[in-house]
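Printed here is start.txt (compact mmCIF, C-alpha atoms):
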```
# COMPACT_ATOMS: atom_id res chain seq x y z
CA MET A 1474 236.34 -57.36 65.25
CA LYS A 1475 236.23 -58.38 68.90
CA PHE A 1476 237.52 -61.77 70.02
CA ALA A 1477 237.01 -63.66 73.28
CA VAL A 1478 239.80 -65.91 74.54
CA LEU A 1479 238.24 -68.39 76.97
CA VAL A 1480 240.20 -69.19 80.10
CA PHE A 1481 239.66 -72.40 82.08
CA PRO A 1482 241.60 -73.49 85.15
CA GLY A 1483 244.63 -75.09 83.48
CA SER A 1484 244.52 -73.22 80.17
CA ASN A 1485 248.08 -72.28 79.24
CA CYS A 1486 247.96 -71.02 75.65
CA ASP A 1487 245.49 -68.26 76.44
CA ILE A 1488 248.18 -65.60 76.69
CA ASP A 1489 249.76 -66.61 73.35
CA MET A 1490 246.33 -66.47 71.76
CA TYR A 1491 245.61 -63.05 73.28
CA HIS A 1492 248.87 -61.57 72.01
CA ALA A 1493 248.51 -63.11 68.56
CA ILE A 1494 245.21 -61.25 68.21
CA LYS A 1495 246.21 -58.01 69.91
CA ASP A 1496 249.80 -57.51 68.77
CA GLU A 1497 250.05 -59.33 65.44
CA LEU A 1498 246.50 -59.25 64.10
CA GLY A 1499 245.71 -55.84 65.64
CA GLU A 1500 242.13 -56.64 66.63
CA GLU A 1501 240.24 -56.29 69.90
CA VAL A 1502 240.48 -59.17 72.33
CA GLU A 1503 239.48 -59.98 75.91
CA TYR A 1504 240.02 -62.88 78.26
CA VAL A 1505 236.76 -64.52 79.36
CA TRP A 1506 236.69 -66.70 82.48
CA HIS A 1507 234.95 -70.09 82.25
CA ASP A 1508 232.03 -69.11 84.45
CA ALA A 1509 230.95 -66.25 82.16
CA THR A 1510 227.31 -66.40 81.12
CA ASP A 1511 227.28 -63.99 78.21
CA LEU A 1512 229.37 -63.94 75.04
CA SER A 1513 226.97 -61.81 73.03
CA GLY A 1514 229.43 -58.90 72.89
CA PHE A 1515 232.01 -60.90 70.95
CA ASP A 1516 232.31 -61.55 67.23
CA GLY A 1517 234.62 -64.54 67.46
CA ILE A 1518 235.35 -67.15 70.15
CA LEU A 1519 238.81 -68.65 70.67
CA VAL A 1520 239.16 -71.76 72.83
CA PRO A 1521 242.87 -72.01 73.65
CA GLY A 1522 245.14 -74.93 74.44
CA GLY A 1523 246.38 -76.17 77.77
CA PHE A 1524 245.30 -78.74 80.30
CA SER A 1525 241.90 -77.58 81.48
CA TYR A 1526 241.04 -79.23 84.79
CA GLY A 1527 244.36 -81.06 84.61
CA ASP A 1528 243.02 -83.27 81.79
CA TYR A 1529 241.38 -85.27 84.60
CA LEU A 1530 238.85 -87.89 83.53
CA ARG A 1531 239.27 -87.05 79.81
CA CYS A 1532 240.80 -84.06 78.03
CA GLY A 1533 238.17 -81.35 77.80
CA ALA A 1534 235.43 -83.31 79.58
CA MET A 1535 235.12 -81.09 82.60
CA ALA A 1536 235.70 -77.83 80.74
CA ASN A 1537 232.69 -78.79 78.64
CA GLN A 1538 230.51 -78.61 81.76
CA SER A 1539 231.38 -74.97 82.51
CA ASN A 1540 228.89 -72.11 82.11
CA VAL A 1541 230.71 -70.52 79.24
CA MET A 1542 230.34 -73.59 77.03
CA ALA A 1543 226.57 -73.12 76.86
CA GLU A 1544 227.35 -69.65 75.51
CA VAL A 1545 229.88 -71.05 73.03
CA LYS A 1546 227.13 -73.34 71.71
CA LYS A 1547 224.85 -70.32 71.30
CA ALA A 1548 227.60 -68.41 69.47
CA ALA A 1549 228.16 -71.38 67.16
CA GLU A 1550 224.44 -71.61 66.46
CA ALA A 1551 224.42 -67.89 65.67
CA GLY A 1552 227.07 -68.55 63.03
CA LYS A 1553 229.93 -66.80 64.81
CA PRO A 1554 233.42 -68.16 64.18
CA VAL A 1555 234.59 -70.53 66.93
CA LEU A 1556 238.19 -71.76 66.88
CA GLY A 1557 239.45 -74.48 69.22
CA VAL A 1558 243.18 -75.17 69.32
CA CYS A 1559 244.69 -78.27 70.96
CA ASN A 1560 242.83 -78.63 74.29
CA GLY A 1561 240.30 -76.26 72.72
CA PHE A 1562 239.74 -78.82 69.92
CA GLN A 1563 239.30 -81.53 72.55
CA ILE A 1564 236.74 -79.39 74.38
CA LEU A 1565 234.79 -78.73 71.16
CA THR A 1566 234.55 -82.47 70.40
CA GLU A 1567 233.44 -83.16 73.99
CA ALA A 1568 230.81 -80.45 73.51
CA GLY A 1569 229.56 -82.14 70.36
CA LEU A 1570 230.27 -79.02 68.31
CA LEU A 1571 232.68 -81.12 66.24
CA PRO A 1572 232.41 -84.86 65.51
CA GLY A 1573 234.84 -87.53 66.71
CA ALA A 1574 237.30 -87.51 69.59
CA LEU A 1575 241.02 -87.09 70.30
CA LEU A 1576 242.78 -90.20 71.61
CA ARG A 1577 246.18 -90.76 73.17
CA ASN A 1578 248.99 -90.37 70.61
CA GLN A 1579 249.72 -93.72 69.03
CA ASN A 1580 253.36 -93.70 70.23
CA LEU A 1581 252.15 -92.75 73.75
CA LYS A 1582 254.48 -89.73 73.77
CA PHE A 1583 253.88 -86.02 74.21
CA MET A 1584 254.91 -84.51 70.86
CA CYS A 1585 256.30 -80.98 70.82
CA ARG A 1586 257.74 -79.77 67.53
CA THR A 1587 256.94 -77.83 64.38
CA VAL A 1588 255.15 -79.90 61.75
CA GLU A 1589 254.16 -79.40 58.14
CA LEU A 1590 250.47 -79.07 57.47
CA LYS A 1591 248.65 -79.18 54.18
CA VAL A 1592 245.70 -76.84 53.64
CA GLU A 1593 243.09 -79.29 52.35
CA ASN A 1594 240.29 -76.76 52.09
CA ASN A 1595 240.91 -73.04 51.63
CA ASN A 1596 237.26 -72.35 51.04
CA THR A 1597 236.44 -71.71 54.71
CA LEU A 1598 236.23 -68.59 56.83
CA PHE A 1599 239.38 -69.77 58.61
CA THR A 1600 241.53 -70.52 55.58
CA ASN A 1601 240.63 -68.09 52.78
CA GLN A 1602 244.06 -66.44 53.03
CA TYR A 1603 245.87 -69.70 52.22
CA GLU A 1604 246.31 -71.33 48.83
CA GLN A 1605 244.53 -74.62 48.26
CA GLY A 1606 247.09 -77.36 48.93
CA GLN A 1607 249.57 -74.92 50.51
CA THR A 1608 252.10 -76.36 52.96
CA ILE A 1609 252.51 -74.42 56.19
CA ASN A 1610 254.70 -74.82 59.28
CA ILE A 1611 252.85 -74.81 62.59
CA PRO A 1612 253.96 -76.17 65.98
CA ILE A 1613 252.20 -78.99 67.78
CA ALA A 1614 252.38 -79.73 71.52
CA HIS A 1615 250.09 -82.53 72.66
CA GLY A 1616 249.85 -86.02 74.10
CA GLU A 1617 246.31 -86.71 72.93
CA GLY A 1618 245.91 -85.49 69.38
CA ASN A 1619 245.12 -88.76 67.67
CA TYR A 1620 241.89 -87.93 65.86
CA TYR A 1621 239.33 -90.72 65.77
CA CYS A 1622 235.82 -91.04 64.39
CA ASP A 1623 233.73 -93.92 63.03
CA ASP A 1624 233.65 -94.79 59.32
CA GLU A 1625 230.30 -93.13 58.75
CA THR A 1626 231.52 -89.83 60.26
CA LEU A 1627 234.75 -90.00 58.26
CA ALA A 1628 232.79 -90.48 55.04
CA LYS A 1629 230.72 -87.39 55.90
CA LEU A 1630 233.83 -85.34 56.73
CA LYS A 1631 235.28 -86.22 53.32
CA GLU A 1632 232.04 -85.67 51.44
CA ASN A 1633 231.52 -82.18 52.92
CA ASN A 1634 235.18 -81.13 52.68
CA GLN A 1635 235.30 -80.79 56.46
CA ILE A 1636 238.92 -81.92 56.70
CA VAL A 1637 240.69 -78.56 56.64
CA PHE A 1638 244.28 -79.43 57.65
CA THR A 1639 246.23 -82.68 57.39
CA TYR A 1640 249.76 -83.55 58.49
CA SER A 1641 251.85 -83.61 55.34
CA GLY A 1642 254.85 -85.87 55.66
CA GLU A 1643 255.06 -87.56 59.03
CA ASN A 1644 251.85 -88.17 61.01
CA PRO A 1645 252.94 -87.31 64.58
CA ASN A 1646 250.10 -88.90 66.54
CA GLY A 1647 248.38 -91.63 64.55
CA SER A 1648 245.43 -89.46 63.53
CA LEU A 1649 242.92 -91.00 61.17
CA VAL A 1650 243.80 -90.14 57.53
CA ASP A 1651 246.40 -87.65 58.87
CA ILE A 1652 243.71 -85.27 60.16
CA ALA A 1653 245.11 -82.20 61.95
CA GLY A 1654 242.01 -80.00 61.84
CA ILE A 1655 238.32 -80.29 60.97
CA ILE A 1656 235.42 -77.91 60.58
CA ASN A 1657 231.73 -78.39 61.35
CA GLU A 1658 229.21 -78.88 58.57
CA ARG A 1659 228.08 -75.27 58.68
CA GLY A 1660 231.67 -74.07 58.39
CA ASN A 1661 231.95 -71.77 61.41
CA VAL A 1662 233.55 -74.06 64.02
CA LEU A 1663 237.15 -75.19 63.46
CA GLY A 1664 239.14 -77.49 65.72
CA MET A 1665 242.83 -78.20 65.20
CA MET A 1666 245.65 -79.76 67.23
CA PRO A 1667 248.49 -77.54 65.86
CA HIS A 1668 248.92 -74.06 67.35
CA PRO A 1669 248.52 -71.24 64.78
CA GLU A 1670 248.82 -68.67 67.61
CA ARG A 1671 252.40 -69.83 68.18
CA ALA A 1672 253.31 -69.11 64.55
CA VAL A 1673 252.40 -65.47 64.04
CA HIS A 1674 255.83 -63.85 63.68
CA GLU A 1675 259.09 -64.80 61.97
CA LEU A 1676 260.84 -64.42 65.33
CA LEU A 1677 258.76 -67.37 66.55
CA GLY A 1678 260.11 -69.51 63.72
CA SER A 1679 257.08 -69.16 61.48
CA ASP A 1680 254.33 -66.69 60.73
CA ASP A 1681 252.24 -69.20 58.80
CA GLY A 1682 249.53 -69.17 61.46
CA LEU A 1683 248.73 -65.50 61.05
CA ALA A 1684 246.83 -66.06 57.78
CA LEU A 1685 244.29 -68.15 59.69
CA PHE A 1686 243.38 -65.22 61.92
CA LYS A 1687 243.47 -62.81 58.96
CA SER A 1688 241.03 -65.10 57.17
CA ILE A 1689 238.54 -64.82 60.04
CA VAL A 1690 238.78 -61.02 60.04
CA LYS A 1691 238.48 -60.77 56.25
CA GLN A 1692 235.31 -62.85 56.22
CA TRP A 1693 233.87 -60.89 59.13
CA ARG A 1694 234.61 -57.50 57.51
CA GLU A 1695 233.03 -58.60 54.24
CA SER A 1696 229.83 -59.71 55.91
CA HIS A 1697 229.60 -56.69 58.21
CA VAL A 1698 230.32 -53.83 55.82
CA SER A 1699 227.00 -52.26 54.97
CA MET B 494 224.10 -94.90 100.87
CA THR B 495 224.76 -96.68 97.63
CA LYS B 496 228.12 -97.47 96.15
CA VAL B 497 228.36 -97.73 92.39
CA LYS B 498 231.32 -99.31 90.63
CA ILE B 499 231.72 -98.03 87.08
CA TYR B 500 234.01 -99.65 84.51
CA VAL B 501 234.98 -97.61 81.46
CA THR B 502 236.80 -99.16 78.50
CA LEU B 503 237.71 -98.02 75.01
CA ARG B 504 235.24 -99.32 72.44
CA GLU B 505 236.26 -102.44 70.56
CA SER B 506 236.65 -100.44 67.34
CA VAL B 507 239.14 -98.04 68.98
CA LEU B 508 242.82 -98.94 69.04
CA ASP B 509 244.33 -98.98 72.53
CA PRO B 510 248.04 -98.16 72.17
CA GLN B 511 248.59 -98.47 75.94
CA GLY B 512 247.06 -101.94 75.94
CA SER B 513 249.19 -102.94 72.93
CA ALA B 514 252.36 -101.77 74.71
CA VAL B 515 251.46 -103.76 77.83
CA LYS B 516 250.66 -106.83 75.74
CA GLY B 517 254.14 -106.51 74.20
CA SER B 518 255.71 -106.34 77.66
CA LEU B 519 253.78 -109.38 78.86
CA GLY B 520 255.05 -111.28 75.81
CA LYS B 521 258.60 -110.20 76.59
CA ILE B 522 258.43 -111.76 80.06
CA GLY B 523 257.08 -115.02 78.72
CA TYR B 524 253.29 -114.70 78.63
CA ASN B 525 253.02 -115.48 74.95
CA GLU B 526 249.49 -116.80 75.38
CA VAL B 527 248.21 -113.23 75.94
CA GLU B 528 246.17 -112.28 72.89
CA ASP B 529 244.96 -108.82 73.81
CA VAL B 530 245.14 -106.24 76.61
CA ARG B 531 242.65 -103.40 76.97
CA ILE B 532 243.21 -100.70 79.57
CA GLY B 533 240.27 -98.86 81.06
CA LYS B 534 239.17 -96.81 84.03
CA TYR B 535 237.44 -97.76 87.24
CA LEU B 536 235.34 -95.29 89.18
CA GLU B 537 233.63 -95.66 92.55
CA VAL B 538 230.76 -93.28 93.07
CA THR B 539 229.00 -93.08 96.42
CA ILE B 540 225.46 -91.79 96.26
CA GLY B 541 223.53 -90.53 99.28
CA GLU B 542 219.78 -90.49 99.98
CA THR B 543 217.75 -89.93 96.84
CA ASP B 544 214.22 -90.57 95.57
CA ARG B 545 215.49 -91.09 92.06
CA ASP B 546 216.21 -94.45 90.50
CA ILE B 547 219.91 -95.21 90.95
CA ASP B 548 220.32 -96.90 87.56
CA THR B 549 218.83 -93.87 85.84
CA ILE B 550 221.09 -91.45 87.69
CA VAL B 551 224.21 -93.48 86.96
CA LYS B 552 223.38 -93.84 83.27
CA GLU B 553 222.81 -90.09 83.05
CA MET B 554 226.13 -89.34 84.76
CA CYS B 555 227.95 -91.72 82.42
CA GLU B 556 226.41 -90.27 79.28
CA LYS B 557 226.82 -86.62 80.34
CA LEU B 558 230.27 -86.60 81.85
CA LEU B 559 231.92 -89.80 83.03
CA THR B 560 232.34 -91.39 79.61
CA ASN B 561 232.59 -90.25 76.00
CA THR B 562 230.41 -92.68 74.11
CA VAL B 563 232.15 -91.82 70.83
CA ILE B 564 235.18 -93.77 72.04
CA GLU B 565 234.19 -95.52 75.28
CA ASP B 566 231.84 -98.21 76.59
CA TYR B 567 230.81 -98.53 80.21
CA ARG B 568 229.10 -100.90 82.59
CA PHE B 569 228.35 -100.56 86.26
CA GLU B 570 227.45 -102.49 89.40
CA VAL B 571 225.29 -101.09 92.17
CA GLU B 572 226.09 -102.10 95.74
CA GLU B 573 224.18 -101.17 98.85
CA ALA B 574 226.54 -99.87 101.55
CA ASN B 575 226.13 -98.63 105.09
```
Would you put the structure from the file into structure tokens?
Amino acid sequence: MKFAVLVFPGSNCDIDMYHAIKDELGEEVEYVWHDATDLSGFDGILVPGGFSYGDYLRCGAMANQSNVMAEVKKAAEAGKPVLGVCNGFQILTEAGLLPGALLRNQNLKFMCRTVELKVENNNTLFTNQYEQGQTINIPIAHGEGNYYCDDETLAKLKENNQIVFTYSGENPNGSLVDIAGIINERGNVLGMMPHPERAVHELLGSDDGLALFKSIVKQWRESHVS
Amino acid sequence: MTKVKIYVTLRESVLDPQGSAVKGSLGKIGYNEVEDVRIGKYLEVTIGETDRDIDTIVKEMCEKLLTNTVIEDYRFEVEEAN
């Protein structure tokens, strides 16, 4: 399986993402610059964290205007897995690939620590290697991770089981109903504030994030073995 | 040349933690009559010669990039400049 790690000016988790895929997952991966106009050669798209365009105007707003985002939309429409982490999640909401928006943390502070997440839905292509309700340890590092959407959207998210991860225990940012990660209705676009790519080896303090990437590969293998 | 002043604020339904913190500070220095503070953004956009309708262009820019209508409202004023 071949992954693309998108790189915008100001991305800073791209290298972690690349090594998580290459060294821990053992799959093919390439960096793709934001002005790329073709993602057809990739099976999965990873939108990494960081501060694209310095977070100017709004987090993710300007990254969403780059060439490569038109291609990400095509990949999503084609049913390919698209994962956005942290700033990547913000970019995917700006792109309209995921509903809602990420607001300033309620306590106005940049939060950088490992948090406990609860797997709310293990019936997705990103979470099939977790147990339903499993608690996992994944680091967060963000100032604007406070998930917000209107009541109607929230009702839909709940109805379709689109809330994939919640903060279990303390809610670090004021997110609506403790949301840490959501998936689109079709089930192939996941956005999350915590960083699974920073939790892929025990030496990093946790390897709980690796199962997310293994889930993607498992699903892909199953649907591509003829 | 036309100068456009654009005001962007968080929608009423969205909590503004920055505004709440500032309201608290105002209360602390004696302005207890303050009921609410909302913090927003102000943009000045200067537009050169164009055949297109300025209001239409500005609305487009706001919807496409300058604001996120999921969480923000905007209004603008158009001023002729030299």
*Proximal residues of chain B relative to chain A (all atoms listed in the file; 7 Å) as a list in words*: Pro510, Leu558 and Val563 of chain B
If you count all atoms listed in the file, which residues fall within 7 Å of region 1490-1504 of chain A, apart from same-chain ones fewer than 3 positions away, as a tab-separated table (two decimals) with C-alpha atoms, in the coordinates of the input?
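File around21.tsv, as written:
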```
chain	number	residue	atom	x	y	z
A	1474	MET	CA	236.34	-57.36	65.25
A	1475	LYS	CA	236.23	-58.38	68.90
A	1476	PHE	CA	237.52	-61.77	70.02
A	1477	ALA	CA	237.01	-63.66	73.28
A	1478	VAL	CA	239.80	-65.91	74.54
A	1479	LEU	CA	238.24	-68.39	76.97
A	1480	VAL	CA	240.20	-69.19	80.10
A	1486	CYS	CA	247.96	-71.02	75.65
A	1487	ASP	CA	245.49	-68.26	76.44
A	1521	PRO	CA	242.87	-72.01	73.65
A	1670	GLU	CA	248.82	-68.67	67.61
A	1673	VAL	CA	252.40	-65.47	64.04
A	1687	LYS	CA	243.47	-62.81	58.96
```
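By chain and then residue number, the residues within 10 Å of Val538 (chain B) are Thr495, Lys496, Val497, Lys498, Ile499, Val551 and Val571 of chain B, counting only C-alpha atoms and disregarding those fewer than 5 positions away in sequence.
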*Using CA of Tyr1620 (chain A) and CA of Ser1648 (chain A) as the two end points, give the distance in Å to one decimal.*
4.5 Å
*Grab the CA of Arg1659 (chain A) to CA of Asn1633 (chain A) distance for me, in Å with one decimal place.*
9.6 Å
*Residues near Pro1554 (chain A), cut-off 7 Å, only C-alpha atoms, skip fewer than 6 positions along chain, as a VMD selection string*: chain A and resid 1517 to 1518 1661 to 1662
*Show which residues sit within 7 Å of region 1555-1559 of chain A, as a VMD selection string. Count all atoms listed in the file, and ignore same-chain residues fewer than 2 positions away.*
chain A and resid 1517 to 1522 1549 1553 1561 to 1563 1565 1661 to 1668
_Distance query Thr549 (chain B) at most 12 Å, only C-alpha atoms, self and fewer than 6 positions along chain excluded, as a ChimeraX atom specification_ = /B:543,555-556,569,571
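Counting from CA of Thr560 (chain B), the distance to CA of Asp1511 (chain A) is 27.9 Å.
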_Let me make sure I understand: among B:Asp548, B:Glu553, B:Glu505, B:Glu570, which one has the smallest atom-to-atom distance to Tyr535 (chain B) if we use only C-alpha atoms?_
B:Glu570
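Counting only C-alpha atoms and comparing A:Leu1676, A:Ile1488, A:Ile1656, A:Ala1568, the residue that lies closest to Lys557 (chain B) is A:Ala1568.
Minimum atom-to-atom distance to His1674 (chain A), evaluated using only C-alpha atoms, belongs to A:Asn1610 out of A:Thr1639, A:Gln1692, A:Asn1646, A:Asn1610.
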